[in-house]
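Following: one structure in structure tokens, then a few remarks.
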Amino acid sequence: MNIPNRISMFRIFLIPIFMIFMLVDFNWGEVSFLGATIPTNHLIGAIIFIIASITDFIDGYYARKYNLVTNMGKFLDPLADKLLVSAALIILVQFGVAPAWVVILIISREFAVTGLRLILANTGEVVAANQLGKIKMWTQIIAISSLLLGNVFFEMFNFPFDMIMLYVCLFFTVWSGFDYFYLNRKVLLDSK
């Protein structure tokens with residue numbers, strides 16, 4: 001269990017804590033700043049989500065820089081990402097902030113790509129995340145963070161940055177999914 005894998009495990013550990021702050025009404029009042037007003041426990045939950053998201057980049061950087069890429073890391077890192085993003089998006093649907101159809105498409109893409117990765121692993125191929133996948137992840141983090149924080153910075157201008165970012169995130173999520181399948185179509189077409 002090297003340091004990048006421990007960071008991934010820490011990210012998984014933060015998910016239920018994030019969910020508790022988002023879903024349990026602690027009745028701690030509200031916080032207003034820069035045009036946005038959100039419950040205090042949601043602010044704490046959003047900060048936990050952002051910290052967990054940042055650890056995704058830290059563990060990947062550390063694993064590549066110090067050549068600490070392991071099979072466990074190849075399993076834990078994408079699992080932690082998918083669990084974190086899925087939990088946040090489902091909570092946003094429950095709050096009525098994110099449209100369910102958008103969340104279904106995003107989560108479906110994640111399941112489909114995970115399935116393709118399993119097929120590729122059986123053939124001995126390991127495909128690293130490409131630039132589109134990294135853009136997808138960044139747009140997901142920005143969109144979810146903006147939605148969790150009540151469109152902070154933009155609410156005072158009545159500009160729906162959070163929703164625009166959600167649709168940008170959807171675009172890159174679908175595009176990167178199609179790209180992933182297109183680049184690996186030979187494996188799918190050759191499988192028997």
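Residues in the structure tokens are named by chain (A, B, ... in the order shown) and by number from 1 within that chain; ligands are numbered from 1 in the order shown.
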
Write out as a ChimeraX atom specification each polymer residue whose atoms come within 8 Å of A:Thr40, counting only C-alpha atoms; drop sequence neighbours fewer than 5 positions from it.
-> /A:28-31

For the selection just defined, write its residues with N, CA, C and O atoms to a file, as an mmCIF file, in the first residue's frame.
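Saved to selection-v2.cif:
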data_model
loop_
_atom_site.group_PDB
_atom_site.id
_atom_site.type_symbol
_atom_site.label_atom_id
_atom_site.label_comp_id
_atom_site.auth_asym_id
_atom_site.auth_seq_id
_atom_site.Cartn_x
_atom_site.Cartn_y
_atom_site.Cartn_z
ATOM 1 N N TRP A 28 -27.536 23.871 11.300
ATOM 2 C CA TRP A 28 -26.489 24.790 11.718
ATOM 3 C C TRP A 28 -26.652 26.177 11.095
ATOM 4 O O TRP A 28 -25.740 26.990 11.138
ATOM 5 N N GLY A 29 -27.771 26.411 10.484
ATOM 6 C CA GLY A 29 -28.001 27.702 9.867
ATOM 7 C C GLY A 29 -27.467 27.761 8.452
ATOM 8 O O GLY A 29 -27.122 26.738 7.854
ATOM 9 N N GLU A 30 -27.407 28.971 7.922
ATOM 10 C CA GLU A 30 -26.986 29.172 6.544
ATOM 11 C C GLU A 30 -25.803 30.125 6.476
ATOM 12 O O GLU A 30 -25.575 30.921 7.392
ATOM 13 N N VAL A 31 -25.099 30.016 5.370
ATOM 14 C CA VAL A 31 -23.972 30.900 5.110
ATOM 15 C C VAL A 31 -24.277 31.639 3.809
ATOM 16 O O VAL A 31 -24.661 31.019 2.815
#

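Residues in contact with stretch 6-14 of chain A at up to 7 Å, not including ones fewer than 2 positions away on its chain and judged by only C-alpha atoms, are Met1, Asn2, Ile3, Pro4, Pro16, Ile17, Phe18, Ala52, Thr55, Asp59, Leu76, Asp77 and Ala80 of chain A.
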
Selected residues written out, C-alpha atoms, as a JSON list (two decimals), in the first residue's frame:
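This went into part-v9.json:
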[["chain", "number", "residue", "atom", "x", "y", "z"],
["A", 1, "MET", "CA", 0.00, 0.00, 0.00],
["A", 2, "ASN", "CA", 2.09, 2.91, -1.30],
["A", 3, "ILE", "CA", 1.37, 6.62, -0.79],
["A", 4, "PRO", "CA", -0.72, 7.18, -3.97],
["A", 16, "PRO", "CA", -19.47, 8.86, 3.23],
["A", 17, "ILE", "CA", -18.37, 11.89, 5.27],
["A", 18, "PHE", "CA", -19.27, 14.13, 2.32],
["A", 52, "ALA", "CA", -11.41, 14.77, -2.23],
["A", 55, "THR", "CA", -6.51, 14.27, -3.97],
["A", 59, "ASP", "CA", -2.18, 10.69, -6.15],
["A", 76, "LEU", "CA", -8.58, 2.25, -6.69],
["A", 77, "ASP", "CA", -8.06, 5.58, -8.45],
["A", 80, "ALA", "CA", -12.69, 6.48, -6.09]]

Give the alpha helix (DSSP H) residues of stretch 61-99 of chain A, as assigned by DSSP on the backbone, as an MDAnalysis selection string.
-> chainID A and resid 61:65 71:94

Do you know which residues are at most 10 Å from A:Phe181 counting only C-alpha atoms, after dropping those on the same chain fewer than 3 positions away, and could you put them as a ChimeraX atom specification?
-> /A:112-113,116-117,176-178,184-188

Pull the closest atom pair for each residue of stretch 12-96 of chain A that gets at most 12 Å from stretch 155-174 of chain A, along with the distance in Å to one decimal, counting only C-alpha atoms, ordering rows by chain and then ascending residue number, as a tab-separated table.
residue	atom	partner	partner_atom	distance
A:Ser32	CA	A:Glu155	CA	11.1
A:Phe33	CA	A:Met156	CA	9.5
A:Leu34	CA	A:Met156	CA	6.5
A:Gly35	CA	A:Met156	CA	4.3
A:Ala36	CA	A:Glu155	CA	5.9
A:Thr37	CA	A:Glu155	CA	9.3
A:Ile38	CA	A:Glu155	CA	11.8
A:Val85	CA	A:Cys169	CA	11.7
A:Leu89	CA	A:Leu166	CA	10.1
A:Leu92	CA	A:Leu166	CA	11.1

May I have the residues within 7 Å of A:Asn41 as a PyMOL selection string, using only C-alpha atoms and disregarding those fewer than 3 positions away in the same chain?
-> chain A and resi 21-22+26+28+44-45

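Separating atom CA of A:Val103 from atom CA of A:Ala121 is a distance of 26.9 Å.
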
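Comparing the minimum interatomic distances between A:Ile119 and each of A:Leu83, A:Leu189, A:Val24, A:Ile48, counting only C-alpha atoms, we find that A:Leu189 sits nearest.
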
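Interatomic distance, atom CA of A:Ile91 to atom CA of A:Tyr61: 28.9 Å.
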